[in-house]
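For reference, structure.pdb (PDB, C-alpha atoms):
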```pdb
MODEL        1
ATOM      1  CA  ARG Z1221     -57.330 -25.760 -66.301  1.00  0.00           C
ATOM      2  CA  ASP Z1222     -59.134 -23.602 -63.744  1.00  0.00           C
ATOM      3  CA  GLU Z1223     -56.806 -20.679 -64.485  1.00  0.00           C
ATOM      4  CA  ILE Z1224     -57.573 -21.012 -68.203  1.00  0.00           C
ATOM      5  CA  ARG Z1225     -61.299 -20.963 -67.482  1.00  0.00           C
ATOM      6  CA  ALA Z1226     -60.874 -17.987 -65.142  1.00  0.00           C
ATOM      7  CA  SER Z1227     -58.790 -16.148 -67.725  1.00  0.00           C
ATOM      8  CA  SER Z1228     -61.408 -16.682 -70.412  1.00  0.00           C
ATOM      9  CA  THR Z1229     -64.270 -15.534 -68.177  1.00  0.00           C
ATOM     10  CA  ALA Z1230     -62.346 -12.519 -66.879  1.00  0.00           C
ATOM     11  CA  GLY Z1231     -61.321 -11.539 -70.406  1.00  0.00           C
ATOM     12  CA  ILE Z1232     -64.893 -11.495 -71.649  1.00  0.00           C
ATOM     13  CA  ALA Z1233     -66.100  -9.606 -68.553  1.00  0.00           C
ATOM     14  CA  ILE Z1234     -63.365  -6.973 -68.853  1.00  0.00           C
ATOM     15  CA  GLY Z1235     -64.059  -6.630 -72.577  1.00  0.00           C
ATOM     16  CA  LEU Z1236     -67.722  -5.930 -71.864  1.00  0.00           C
ATOM     17  CA  ALA Z1237     -66.741  -3.437 -69.164  1.00  0.00           C
ATOM     18  CA  CYS Z1238     -64.409  -1.621 -71.570  1.00  0.00           C
ATOM     19  CA  LEU Z1239     -67.183  -1.504 -74.170  1.00  0.00           C
ATOM     20  CA  GLY Z1240     -69.460   0.081 -71.582  1.00  0.00           C
ATOM     21  CA  VAL Z1241     -66.834   2.658 -70.612  1.00  0.00           C
ATOM     22  CA  VAL Z1242     -66.194   3.623 -74.239  1.00  0.00           C
ATOM     23  CA  TRP Z1243     -69.933   3.852 -74.913  1.00  0.00           C
ATOM     24  CA  ILE Z1244     -70.427   6.222 -71.969  1.00  0.00           C
ATOM     25  CA  LEU Z1245     -67.297   8.343 -72.505  1.00  0.00           C
ATOM     26  CA  ALA Z1246     -67.574   8.642 -76.293  1.00  0.00           C
ATOM     27  CA  PRO Z1247     -69.307  12.085 -76.171  1.00  0.00           C
ATOM     28  CA  ALA Z1248     -66.688  13.435 -73.744  1.00  0.00           C
ATOM     29  CA  ILE Z1249     -63.852  12.127 -75.922  1.00  0.00           C
ATOM     30  CA  ALA Z1250     -65.437  13.711 -78.979  1.00  0.00           C
ATOM     31  CA  THR Z1251     -65.626  17.044 -77.140  1.00  0.00           C
ATOM     32  CA  LEU Z1252     -61.992  16.758 -76.043  1.00  0.00           C
ATOM     33  CA  PHE Z1253     -60.798  16.282 -79.615  1.00  0.00           C
ATOM     34  CA  ARG Z1254     -63.403  18.676 -81.108  1.00  0.00           C
ATOM     35  CA  GLN Z1255     -64.767  15.916 -83.373  1.00  0.00           C
ATOM     36  CA  PRO Z1256     -68.521  15.354 -82.765  1.00  0.00           C
ATOM     37  CA  ALA Z1257     -68.725  12.813 -85.594  1.00  0.00           C
ATOM     38  CA  VAL Z1258     -66.390  10.448 -83.737  1.00  0.00           C
ATOM     39  CA  VAL Z1259     -69.037   9.359 -81.185  1.00  0.00           C
ATOM     40  CA  PRO Z1260     -70.669   6.575 -83.244  1.00  0.00           C
ATOM     41  CA  VAL Z1261     -67.265   5.544 -84.582  1.00  0.00           C
ATOM     42  CA  LEU Z1262     -65.846   5.054 -81.072  1.00  0.00           C
ATOM     43  CA  ARG Z1263     -68.909   3.142 -79.923  1.00  0.00           C
ATOM     44  CA  ALA Z1264     -68.693   0.811 -82.913  1.00  0.00           C
ATOM     45  CA  LEU Z1265     -64.973   0.256 -82.395  1.00  0.00           C
ATOM     46  CA  GLY Z1266     -65.666  -0.519 -78.731  1.00  0.00           C
ATOM     47  CA  VAL Z1267     -67.174  -3.852 -79.808  1.00  0.00           C
ATOM     48  CA  SER Z1268     -63.614  -4.996 -80.527  1.00  0.00           C
ATOM     49  CA  PHE Z1269     -62.917  -5.006 -76.774  1.00  0.00           C
ATOM     50  CA  VAL Z1270     -65.265  -7.959 -76.310  1.00  0.00           C
ATOM     51  CA  PHE Z1271     -63.559 -10.029 -79.008  1.00  0.00           C
ATOM     52  CA  THR Z1272     -60.118  -9.015 -77.746  1.00  0.00           C
ATOM     53  CA  GLY Z1273     -60.966 -10.050 -74.194  1.00  0.00           C
ATOM     54  CA  TRP Z1274     -62.247 -13.396 -75.418  1.00  0.00           C
ATOM     55  CA  SER Z1275     -59.254 -14.085 -77.674  1.00  0.00           C
ATOM     56  CA  MET Z1276     -56.473 -13.231 -75.205  1.00  0.00           C
ATOM     57  CA  THR Z1277     -56.626 -16.663 -73.584  1.00  0.00           C
ATOM     58  CA  GLY Z1278     -56.172 -18.396 -76.917  1.00  0.00           C
ATOM     59  CA  LEU Z1279     -53.356 -16.005 -77.811  1.00  0.00           C
ATOM     60  CA  GLY Z1280     -51.579 -16.706 -74.531  1.00  0.00           C
ATOM     61  CA  LEU Z1281     -51.917 -20.473 -74.914  1.00  0.00           C
ATOM     62  CA  LEU Z1282     -50.571 -20.410 -78.479  1.00  0.00           C
ATOM     63  CA  ARG Z1283     -47.602 -18.306 -77.377  1.00  0.00           C
ATOM     64  CA  ARG Z1284     -47.035 -20.617 -74.420  1.00  0.00           C
ATOM     65  CA  GLN Z1285     -46.888 -23.536 -76.864  1.00  0.00           C
ATOM     66  CA  LEU Z1286     -44.448 -21.539 -79.076  1.00  0.00           C
ATOM     67  CA  ARG Z1287     -46.793 -21.854 -82.055  1.00  0.00           C
ATOM     68  CA  PHE Z1288     -45.669 -18.582 -83.616  1.00  0.00           C
ATOM     69  CA  ARG Z1289     -46.052 -19.863 -87.160  1.00  0.00           C
ATOM     70  CA  THR Z1290     -49.735 -20.454 -86.474  1.00  0.00           C
ATOM     71  CA  LEU Z1291     -50.075 -16.982 -84.947  1.00  0.00           C
ATOM     72  CA  SER Z1292     -48.386 -15.441 -87.984  1.00  0.00           C
ATOM     73  CA  LEU Z1293     -50.776 -17.233 -90.331  1.00  0.00           C
ATOM     74  CA  ILE Z1294     -53.727 -15.989 -88.275  1.00  0.00           C
ATOM     75  CA  SER Z1295     -52.433 -12.406 -88.306  1.00  0.00           C
ATOM     76  CA  VAL Z1296     -51.737 -12.337 -92.038  1.00  0.00           C
ATOM     77  CA  GLY Z1297     -54.937 -14.174 -92.968  1.00  0.00           C
ATOM     78  CA  THR Z1298     -57.210 -11.956 -90.890  1.00  0.00           C
ATOM     79  CA  TYR Z1299     -55.440  -8.800 -92.088  1.00  0.00           C
ATOM     80  CA  VAL Z1300     -55.915  -9.731 -95.744  1.00  0.00           C
ATOM     81  CA  PHE Z1301     -59.570 -10.637 -95.222  1.00  0.00           C
ATOM     82  CA  ALA Z1302     -60.492  -7.723 -92.946  1.00  0.00           C
ATOM     83  CA  TYR Z1303     -58.633  -4.862 -94.596  1.00  0.00           C
ATOM     84  CA  LEU Z1304     -58.095  -5.867 -98.223  1.00  0.00           C
ATOM     85  CA  VAL Z1305     -61.448  -7.582 -98.727  1.00  0.00           C
ATOM     86  CA  VAL Z1306     -63.871  -5.990 -96.244  1.00  0.00           C
ATOM     87  CA  GLY Z1307     -62.176  -2.608 -95.756  1.00  0.00           C
ATOM     88  CA  VAL Z1308     -61.218  -1.860 -99.358  1.00  0.00           C
ATOM     89  CA  GLY Z1309     -64.480  -3.347-100.616  1.00  0.00           C
ATOM     90  CA  LEU Z1310     -66.582  -1.064 -98.416  1.00  0.00           C
ATOM     91  CA  ALA Z1311     -64.371   1.927 -99.271  1.00  0.00           C
ATOM     92  CA  VAL Z1312     -64.959   1.330-102.982  1.00  0.00           C
ATOM     93  CA  LEU Z1313     -68.686   1.228-102.274  1.00  0.00           C
ATOM     94  CA  GLY Z1314     -68.431   4.647-100.568  1.00  0.00           C
ATOM     95  CA  ALA Z1315     -68.606   3.673 -96.900  1.00  0.00           C
ATOM     96  CA  GLY Z1316     -65.936   6.205 -95.953  1.00  0.00           C
ATOM     97  CA  VAL Z1317     -64.628   5.977 -92.397  1.00  0.00           C
ATOM     98  CA  TRP Z1318     -66.974   3.065 -91.679  1.00  0.00           C
ATOM     99  CA  SER Z1319     -64.908   0.903 -93.999  1.00  0.00           C
ATOM    100  CA  LEU Z1320     -62.019   1.233 -91.526  1.00  0.00           C
ATOM    101  CA  VAL Z1321     -64.333   0.572 -88.582  1.00  0.00           C
ATOM    102  CA  ALA Z1322     -65.715  -2.555 -90.206  1.00  0.00           C
ATOM    103  CA  ALA Z1323     -62.219  -3.738 -91.122  1.00  0.00           C
ATOM    104  CA  SER Z1324     -60.947  -3.257 -87.558  1.00  0.00           C
ATOM    105  CA  VAL Z1325     -63.871  -5.062 -85.900  1.00  0.00           C
ATOM    106  CA  THR Z1326     -63.781  -7.833 -88.504  1.00  0.00           C
ATOM    107  CA  SER Z1327     -60.054  -8.351 -87.950  1.00  0.00           C
ATOM    108  CA  THR Z1328     -60.472  -8.624 -84.170  1.00  0.00           C
ATOM    109  CA  ALA Z1329     -63.486 -10.924 -84.392  1.00  0.00           C
ATOM    110  CA  THR Z1330     -61.883 -13.184 -86.994  1.00  0.00           C
ATOM    111  CA  GLN Z1331     -58.704 -13.555 -84.946  1.00  0.00           C
ATOM    112  CA  ALA Z1332     -60.736 -14.428 -81.842  1.00  0.00           C
ATOM    113  CA  VAL Z1333     -62.723 -17.130 -83.646  1.00  0.00           C
ATOM    114  CA  TRP Z1334     -59.651 -18.535 -85.398  1.00  0.00           C
ATOM    115  CA  ARG Z1335     -57.582 -18.769 -82.199  1.00  0.00           C
ATOM    116  CA  TYR Z1336     -60.399 -20.466 -80.337  1.00  0.00           C
ATOM    117  CA  ALA Z1337     -60.960 -22.913 -83.196  1.00  0.00           C
ATOM    118  CA  ILE Z1338     -57.325 -24.010 -82.915  1.00  0.00           C
ATOM    119  CA  VAL Z1339     -56.955 -24.143 -79.118  1.00  0.00           C
ATOM    120  CA  ARG Z1340     -60.545 -24.963 -78.046  1.00  0.00           C
ATOM    121  CA  HIS Z1341     -59.884 -23.924 -74.466  1.00  0.00           C
ATOM    122  CA  PRO Z1342     -62.715 -24.335 -71.923  1.00  0.00           C
ATOM    123  CA  LEU Z1343     -65.115 -21.404 -71.601  1.00  0.00           C
ATOM    124  CA  ARG Z1344     -67.210 -22.503 -68.612  1.00  0.00           C
ATOM    125  CA  PRO Z1345     -66.723 -20.059 -65.694  1.00  0.00           C
ATOM    126  CA  VAL Z1346     -64.993 -21.180 -62.502  1.00  0.00           C
ATOM    127  CA  LEU Z1347     -67.088 -20.929 -59.351  1.00  0.00           C
ATOM    128  CA  ARG Z1348     -64.100 -20.369 -57.037  1.00  0.00           C
ATOM    129  CA  TRP Z1349     -62.406 -17.005 -56.424  1.00  0.00           C
ATOM    130  CA  GLU Z1350     -58.801 -18.233 -56.156  1.00  0.00           C
ATOM    131  CA  PRO Z1351     -58.152 -18.731 -59.920  1.00  0.00           C
ATOM    132  CA  TYR Z1352     -59.583 -15.286 -60.677  1.00  0.00           C
ATOM    133  CA  ARG Z1353     -57.410 -13.695 -58.006  1.00  0.00           C
ATOM    134  CA  GLU Z1354     -54.232 -15.215 -59.417  1.00  0.00           C
ATOM    135  CA  VAL Z1355     -55.035 -14.383 -63.016  1.00  0.00           C
ATOM    136  CA  CYS Z1356     -56.310 -10.858 -62.374  1.00  0.00           C
ATOM    137  CA  SER Z1357     -53.516  -9.971 -59.943  1.00  0.00           C
ATOM    138  CA  TYR Z1358     -50.843 -10.770 -62.494  1.00  0.00           C
ATOM    139  CA  GLY Z1359     -52.856  -9.404 -65.410  1.00  0.00           C
ATOM    140  CA  ALA Z1360     -53.460  -6.073 -63.658  1.00  0.00           C
ATOM    141  CA  ARG Z1361     -49.731  -5.479 -63.147  1.00  0.00           C
ATOM    142  CA  LEU Z1362     -48.904  -6.406 -66.717  1.00  0.00           C
ATOM    143  CA  SER Z1363     -51.772  -4.336 -68.118  1.00  0.00           C
ATOM    144  CA  GLY Z1364     -50.659  -1.361 -66.014  1.00  0.00           C
ATOM    145  CA  ALA Z1365     -47.176  -1.553 -67.505  1.00  0.00           C
ATOM    146  CA  TYR Z1366     -48.605  -1.743 -71.040  1.00  0.00           C
ATOM    147  CA  LEU Z1367     -50.947   1.171 -70.325  1.00  0.00           C
ATOM    148  CA  LEU Z1368     -48.119   3.400 -69.120  1.00  0.00           C
ATOM    149  CA  ASP Z1369     -46.064   2.465 -72.166  1.00  0.00           C
ATOM    150  CA  TYR Z1370     -49.007   3.225 -74.454  1.00  0.00           C
ATOM    151  CA  VAL Z1371     -49.672   6.611 -72.856  1.00  0.00           C
ATOM    152  CA  GLY Z1372     -46.007   7.561 -73.030  1.00  0.00           C
ATOM    153  CA  GLY Z1373     -45.816   6.541 -76.674  1.00  0.00           C
ATOM    154  CA  ASN Z1374     -48.922   8.465 -77.733  1.00  0.00           C
ATOM    155  CA  VAL Z1375     -48.498  11.840 -76.048  1.00  0.00           C
ATOM    156  CA  ASP Z1376     -47.230  13.251 -79.343  1.00  0.00           C
ATOM    157  CA  THR Z1377     -50.282  11.965 -81.224  1.00  0.00           C
ATOM    158  CA  PHE Z1378     -52.583  13.496 -78.632  1.00  0.00           C
ATOM    159  CA  THR Z1379     -50.774  16.832 -78.988  1.00  0.00           C
ATOM    160  CA  VAL Z1380     -51.056  16.812 -82.779  1.00  0.00           C
ATOM    161  CA  THR Z1381     -54.750  15.947 -82.473  1.00  0.00           C
ATOM    162  CA  ARG Z1382     -55.355  18.989 -80.287  1.00  0.00           C
ATOM    163  CA  ILE Z1383     -53.509  21.540 -82.419  1.00  0.00           C
ATOM    164  CA  ALA Z1384     -53.880  20.288 -85.998  1.00  0.00           C
ATOM    165  CA  SER Z1385     -56.535  19.083 -88.405  1.00  0.00           C
ATOM    166  CA  THR Z1386     -57.625  15.515 -89.003  1.00  0.00           C
ATOM    167  CA  ALA Z1387     -55.735  15.410 -92.317  1.00  0.00           C
ATOM    168  CA  VAL Z1388     -52.490  16.542 -90.658  1.00  0.00           C
ATOM    169  CA  LEU Z1389     -52.968  13.948 -87.931  1.00  0.00           C
ATOM    170  CA  GLY Z1390     -53.364  11.250 -90.569  1.00  0.00           C
ATOM    171  CA  GLN Z1391     -50.159  12.332 -92.323  1.00  0.00           C
ATOM    172  CA  TYR Z1392     -48.259  12.452 -89.028  1.00  0.00           C
ATOM    173  CA  THR Z1393     -49.366   9.001 -87.867  1.00  0.00           C
ATOM    174  CA  ARG Z1394     -48.469   7.409 -91.228  1.00  0.00           C
ATOM    175  CA  ALA Z1395     -45.021   9.026 -91.216  1.00  0.00           C
ATOM    176  CA  TYR Z1396     -44.458   7.916 -87.608  1.00  0.00           C
ATOM    177  CA  TYR Z1397     -45.599   4.410 -88.506  1.00  0.00           C
ATOM    178  CA  LEU Z1398     -43.142   4.148 -91.417  1.00  0.00           C
ATOM    179  CA  VAL Z1399     -40.219   5.341 -89.295  1.00  0.00           C
ATOM    180  CA  PHE Z1400     -40.744   3.337 -86.101  1.00  0.00           C
ATOM    181  CA  GLN Z1401     -42.814   0.320 -87.118  1.00  0.00           C
ATOM    182  CA  PRO Z1402     -39.950  -1.829 -88.474  1.00  0.00           C
ATOM    183  CA  LEU Z1403     -37.963  -1.573 -85.224  1.00  0.00           C
ATOM    184  CA  SER Z1404     -40.649  -1.229 -82.562  1.00  0.00           C
ATOM    185  CA  ASN Z1405     -43.103  -3.791 -83.903  1.00  0.00           C
ATOM    186  CA  TYR Z1406     -41.552  -6.214 -86.347  1.00  0.00           C
ATOM    187  CA  LEU Z1407     -38.299  -6.608 -84.397  1.00  0.00           C
ATOM    188  CA  ALA Z1408     -38.778  -5.578 -80.764  1.00  0.00           C
ATOM    189  CA  GLN Z1409     -42.329  -6.882 -80.411  1.00  0.00           C
ATOM    190  CA  ALA Z1410     -41.505 -10.167 -82.109  1.00  0.00           C
ATOM    191  CA  LEU Z1411     -38.508 -10.714 -79.837  1.00  0.00           C
ATOM    192  CA  THR Z1412     -40.561  -9.792 -76.778  1.00  0.00           C
ATOM    193  CA  ASN Z1413     -43.324 -12.270 -77.594  1.00  0.00           C
ATOM    194  CA  VAL Z1414     -40.911 -15.126 -78.262  1.00  0.00           C
ATOM    195  CA  LEU Z1415     -38.690 -14.428 -75.256  1.00  0.00           C
ATOM    196  CA  PHE Z1416     -41.617 -13.953 -72.870  1.00  0.00           C
ATOM    197  CA  ALA Z1417     -43.102 -17.316 -73.823  1.00  0.00           C
ATOM    198  CA  THR Z1418     -39.733 -19.070 -73.781  1.00  0.00           C
ATOM    199  CA  LEU Z1419     -38.577 -17.693 -70.439  1.00  0.00           C
ATOM    200  CA  SER Z1420     -41.944 -18.473 -68.841  1.00  0.00           C
ATOM    201  CA  ARG Z1421     -41.309 -22.155 -69.549  1.00  0.00           C
ATOM    202  CA  ILE Z1422     -38.110 -22.099 -67.444  1.00  0.00           C
ATOM    203  CA  GLN Z1423     -39.323 -19.725 -64.730  1.00  0.00           C
ATOM    204  CA  HIS Z1424     -38.784 -22.312 -61.986  1.00  0.00           C
ATOM    205  CA  ASP Z1425     -35.135 -22.888 -62.973  1.00  0.00           C
ATOM    206  CA  LEU Z1426     -33.764 -19.624 -61.580  1.00  0.00           C
ATOM    207  CA  GLY Z1427     -30.154 -20.267 -62.596  1.00  0.00           C
ATOM    208  CA  ARG Z1428     -31.049 -20.951 -66.202  1.00  0.00           C
ATOM    209  CA  LEU Z1429     -33.525 -18.074 -66.213  1.00  0.00           C
ATOM    210  CA  ARG Z1430     -30.863 -15.684 -64.887  1.00  0.00           C
ATOM    211  CA  ARG Z1431     -28.342 -16.697 -67.549  1.00  0.00           C
ATOM    212  CA  ALA Z1432     -30.920 -16.336 -70.305  1.00  0.00           C
ATOM    213  CA  TYR Z1433     -32.004 -12.915 -69.034  1.00  0.00           C
ATOM    214  CA  HIS Z1434     -28.411 -11.647 -68.912  1.00  0.00           C
ATOM    215  CA  SER Z1435     -27.826 -12.928 -72.447  1.00  0.00           C
ATOM    216  CA  VAL Z1436     -30.900 -11.039 -73.641  1.00  0.00           C
ATOM    217  CA  LEU Z1437     -29.683  -7.827 -71.988  1.00  0.00           C
ATOM    218  CA  SER Z1438     -26.252  -8.212 -73.596  1.00  0.00           C
ATOM    219  CA  LEU Z1439     -27.782  -8.788 -77.014  1.00  0.00           C
ATOM    220  CA  GLY Z1440     -30.048  -5.776 -76.559  1.00  0.00           C
ATOM    221  CA  ASN Z1441     -27.106  -3.548 -75.682  1.00  0.00           C
ATOM    222  CA  LEU Z1442     -25.185  -4.736 -78.734  1.00  0.00           C
ATOM    223  CA  MET Z1443     -28.179  -3.928 -80.956  1.00  0.00           C
ATOM    224  CA  LEU Z1444     -28.878  -0.592 -79.263  1.00  0.00           C
ATOM    225  CA  PHE Z1445     -25.319   0.787 -79.360  1.00  0.00           C
ATOM    226  CA  PRO Z1446     -25.057   1.210 -83.179  1.00  0.00           C
ATOM    227  CA  ALA Z1447     -28.483   2.873 -83.261  1.00  0.00           C
ATOM    228  CA  CYS Z1448     -27.535   5.331 -80.510  1.00  0.00           C
ATOM    229  CA  ALA Z1449     -24.231   6.055 -82.218  1.00  0.00           C
ATOM    230  CA  GLY Z1450     -26.018   6.769 -85.496  1.00  0.00           C
ATOM    231  CA  ILE Z1451     -28.489   9.117 -83.777  1.00  0.00           C
ATOM    232  CA  ALA Z1452     -25.613  10.957 -82.073  1.00  0.00           C
ATOM    233  CA  VAL Z1453     -23.797  11.456 -85.389  1.00  0.00           C
ATOM    234  CA  ALA Z1454     -26.956  12.699 -87.052  1.00  0.00           C
ATOM    235  CA  ALA Z1455     -27.610  15.109 -84.176  1.00  0.00           C
ATOM    236  CA  GLN Z1456     -24.095  16.540 -84.452  1.00  0.00           C
ATOM    237  CA  GLU Z1457     -24.532  17.084 -88.189  1.00  0.00           C
ATOM    238  CA  LEU Z1458     -27.805  18.895 -87.572  1.00  0.00           C
TER
ENDMDL
END
```

Whole structure, structure tokens version:
Amino acid sequence: RDEIRASSTAGIAIGLACLGVVWILAPAIATLFRQPAVVPVLRALGVSFVFTGWSMTGLGLLRRQLRFRTLSLISVGTYVFAYLVVGVGLAVLGAGVWSLVAASVTSTATQAVWRYAIVRHPLRPVLRWEPYREVCSYGARLSGAYLLDYVGGNVDTFTVTRIASTAVLGQYTRAYYLVFQPLSNYLAQALTNVLFATLSRIQHDLGRLRRAYHSVLSLGNLMLFPACAGIAVAAQEL
């Protein structure tokens, strides 16, 4: 219970810190990408960090309980409301880029409220350092791995942003999304979320954990081999 309280407090604090960083660095980022108009957009989107930090505890608890059907309902429901109702509605009214900003912030905020309404985890801060140390130590390593993965996966987008127009960037990101989203998100990410939560429940049974991990690696190799073979054939034809 103390770790849950520490996680909730740390999440909100880190979210506020990220909002502050984005608010301060927004002009520099706009200069880097040669887009002065992006400053207010970035600062508005930065509000999502606060809701994300708050909602991560509820997300983790729901995954820990293997309530993936509930998480799917939350994701679909908030997407429909935020993007189809709020986003499209504001776009029809002529809000332009702010329709996407409003949709993004609404989606994040709605998910945070919905997750908390289901889990109702304690929010009162812990007055001891030990729970924060355990939560933040593990979270920092995991966040570092995600950050490196994100940077490595977005170098191409950064390059296109520097050398091409906004319209070309939009076309590139949509094409990339259509090609890689089915495998990287709907399959790989879904398997990762389920396996991470499942294996965490048997983490103290090292023998069982080892067998499960080896089975996952074997399954991954079986799935990866046909894809690699197909890419090799296509490369030879080119």

Write out as JSON lines the residues of stretch 1249-1316 of chain Z that have any atom within 9 Å of an atom of stretch 1372-1391 of chain Z, one row each with the nearest atom pair and its distance in Å to one decimal, counting only C-alpha atoms, sorted by chain and then rising number.
```
{"residue": "Z:Leu1252", "atom": "CA", "partner": "Z:Arg1382", "partner_atom": "CA", "distance": 8.2}
{"residue": "Z:Phe1253", "atom": "CA", "partner": "Z:Arg1382", "partner_atom": "CA", "distance": 6.1}
{"residue": "Z:Arg1254", "atom": "CA", "partner": "Z:Arg1382", "partner_atom": "CA", "distance": 8.1}
```

What do you get, as a short mmCIF file (atom, residue, chain, number, x, y, z; two decimals) with C-alpha atoms, keeping the file's coordinate frame, if you spell out every residue that the PyMOL selection byres ((chain Z and resi 1282) around 12) selects here?
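File result09.cif, as written:
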```cif
data_model
loop_
_atom_site.label_atom_id
_atom_site.label_comp_id
_atom_site.auth_asym_id
_atom_site.auth_seq_id
_atom_site.Cartn_x
_atom_site.Cartn_y
_atom_site.Cartn_z
CA SER Z 1275 -59.25 -14.08 -77.67
CA MET Z 1276 -56.47 -13.23 -75.20
CA THR Z 1277 -56.63 -16.66 -73.58
CA GLY Z 1278 -56.17 -18.40 -76.92
CA LEU Z 1279 -53.36 -16.00 -77.81
CA GLY Z 1280 -51.58 -16.71 -74.53
CA LEU Z 1281 -51.92 -20.47 -74.91
CA ARG Z 1283 -47.60 -18.31 -77.38
CA ARG Z 1284 -47.04 -20.62 -74.42
CA GLN Z 1285 -46.89 -23.54 -76.86
CA LEU Z 1286 -44.45 -21.54 -79.08
CA ARG Z 1287 -46.79 -21.85 -82.06
CA PHE Z 1288 -45.67 -18.58 -83.62
CA ARG Z 1289 -46.05 -19.86 -87.16
CA THR Z 1290 -49.74 -20.45 -86.47
CA LEU Z 1291 -50.08 -16.98 -84.95
CA SER Z 1292 -48.39 -15.44 -87.98
CA ILE Z 1294 -53.73 -15.99 -88.28
CA TRP Z 1334 -59.65 -18.54 -85.40
CA ARG Z 1335 -57.58 -18.77 -82.20
CA TYR Z 1336 -60.40 -20.47 -80.34
CA ALA Z 1337 -60.96 -22.91 -83.20
CA ILE Z 1338 -57.32 -24.01 -82.92
CA VAL Z 1339 -56.96 -24.14 -79.12
CA ARG Z 1340 -60.54 -24.96 -78.05
CA HIS Z 1341 -59.88 -23.92 -74.47
CA ASN Z 1413 -43.32 -12.27 -77.59
CA VAL Z 1414 -40.91 -15.13 -78.26
CA ALA Z 1417 -43.10 -17.32 -73.82
CA THR Z 1418 -39.73 -19.07 -73.78
#
```

Within 12 Å of file point (-58.7, -7.7, -79.0), counting only C-alpha atoms, expressed as a short mmCIF file (atom, residue, chain, number, x, y, z; two decimals) with C-alpha atoms, in the frame of the given file:
```
data_model
loop_
_atom_site.label_atom_id
_atom_site.label_comp_id
_atom_site.auth_asym_id
_atom_site.auth_seq_id
_atom_site.Cartn_x
_atom_site.Cartn_y
_atom_site.Cartn_z
CA GLY Z 1231 -61.32 -11.54 -70.41
CA ILE Z 1232 -64.89 -11.50 -71.65
CA ILE Z 1234 -63.36 -6.97 -68.85
CA GLY Z 1235 -64.06 -6.63 -72.58
CA LEU Z 1236 -67.72 -5.93 -71.86
CA CYS Z 1238 -64.41 -1.62 -71.57
CA LEU Z 1239 -67.18 -1.50 -74.17
CA LEU Z 1265 -64.97 0.26 -82.40
CA GLY Z 1266 -65.67 -0.52 -78.73
CA VAL Z 1267 -67.17 -3.85 -79.81
CA SER Z 1268 -63.61 -5.00 -80.53
CA PHE Z 1269 -62.92 -5.01 -76.77
CA VAL Z 1270 -65.26 -7.96 -76.31
CA PHE Z 1271 -63.56 -10.03 -79.01
CA THR Z 1272 -60.12 -9.02 -77.75
CA GLY Z 1273 -60.97 -10.05 -74.19
CA TRP Z 1274 -62.25 -13.40 -75.42
CA SER Z 1275 -59.25 -14.08 -77.67
CA MET Z 1276 -56.47 -13.23 -75.20
CA THR Z 1277 -56.63 -16.66 -73.58
CA GLY Z 1278 -56.17 -18.40 -76.92
CA LEU Z 1279 -53.36 -16.00 -77.81
CA SER Z 1324 -60.95 -3.26 -87.56
CA VAL Z 1325 -63.87 -5.06 -85.90
CA THR Z 1326 -63.78 -7.83 -88.50
CA SER Z 1327 -60.05 -8.35 -87.95
CA THR Z 1328 -60.47 -8.62 -84.17
CA ALA Z 1329 -63.49 -10.92 -84.39
CA THR Z 1330 -61.88 -13.18 -86.99
CA GLN Z 1331 -58.70 -13.56 -84.95
CA ALA Z 1332 -60.74 -14.43 -81.84
CA VAL Z 1333 -62.72 -17.13 -83.65
CA ARG Z 1335 -57.58 -18.77 -82.20
#
```

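Once the PyMOL selection byres ((chain Z and resi 1342-1347) around 6) is applied to the depicted file, the selected set reads Arg1225, Ala1226, Thr1229, His1341 and Arg1348 of chain Z.
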
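Separating atom CA of Z:Ala1410 from atom CA of Z:Leu1429 is a distance of 19.5 Å.
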
Report as a PDB file with C-alpha atoms, keeping the file's coordinate frame the residues that result from applying the PyMOL selection byres ((chain Z and resi 1261) around 12) to the structure here.
```pdb
ATOM      1  CA  VAL Z1242     -66.194   3.623 -74.239  1.00  0.00           C
ATOM      2  CA  TRP Z1243     -69.933   3.852 -74.913  1.00  0.00           C
ATOM      3  CA  ALA Z1246     -67.574   8.642 -76.293  1.00  0.00           C
ATOM      4  CA  PRO Z1247     -69.307  12.085 -76.171  1.00  0.00           C
ATOM      5  CA  ILE Z1249     -63.852  12.127 -75.922  1.00  0.00           C
ATOM      6  CA  ALA Z1250     -65.437  13.711 -78.979  1.00  0.00           C
ATOM      7  CA  GLN Z1255     -64.767  15.916 -83.373  1.00  0.00           C
ATOM      8  CA  PRO Z1256     -68.521  15.354 -82.765  1.00  0.00           C
ATOM      9  CA  ALA Z1257     -68.725  12.813 -85.594  1.00  0.00           C
ATOM     10  CA  VAL Z1258     -66.390  10.448 -83.737  1.00  0.00           C
ATOM     11  CA  VAL Z1259     -69.037   9.359 -81.185  1.00  0.00           C
ATOM     12  CA  PRO Z1260     -70.669   6.575 -83.244  1.00  0.00           C
ATOM     13  CA  LEU Z1262     -65.846   5.054 -81.072  1.00  0.00           C
ATOM     14  CA  ARG Z1263     -68.909   3.142 -79.923  1.00  0.00           C
ATOM     15  CA  ALA Z1264     -68.693   0.811 -82.913  1.00  0.00           C
ATOM     16  CA  LEU Z1265     -64.973   0.256 -82.395  1.00  0.00           C
ATOM     17  CA  GLY Z1266     -65.666  -0.519 -78.731  1.00  0.00           C
ATOM     18  CA  VAL Z1267     -67.174  -3.852 -79.808  1.00  0.00           C
ATOM     19  CA  SER Z1268     -63.614  -4.996 -80.527  1.00  0.00           C
ATOM     20  CA  GLY Z1316     -65.936   6.205 -95.953  1.00  0.00           C
ATOM     21  CA  VAL Z1317     -64.628   5.977 -92.397  1.00  0.00           C
ATOM     22  CA  TRP Z1318     -66.974   3.065 -91.679  1.00  0.00           C
ATOM     23  CA  SER Z1319     -64.908   0.903 -93.999  1.00  0.00           C
ATOM     24  CA  LEU Z1320     -62.019   1.233 -91.526  1.00  0.00           C
ATOM     25  CA  VAL Z1321     -64.333   0.572 -88.582  1.00  0.00           C
ATOM     26  CA  ALA Z1322     -65.715  -2.555 -90.206  1.00  0.00           C
ATOM     27  CA  SER Z1324     -60.947  -3.257 -87.558  1.00  0.00           C
ATOM     28  CA  VAL Z1325     -63.871  -5.062 -85.900  1.00  0.00           C
TER      29      VAL Z1325
END
```
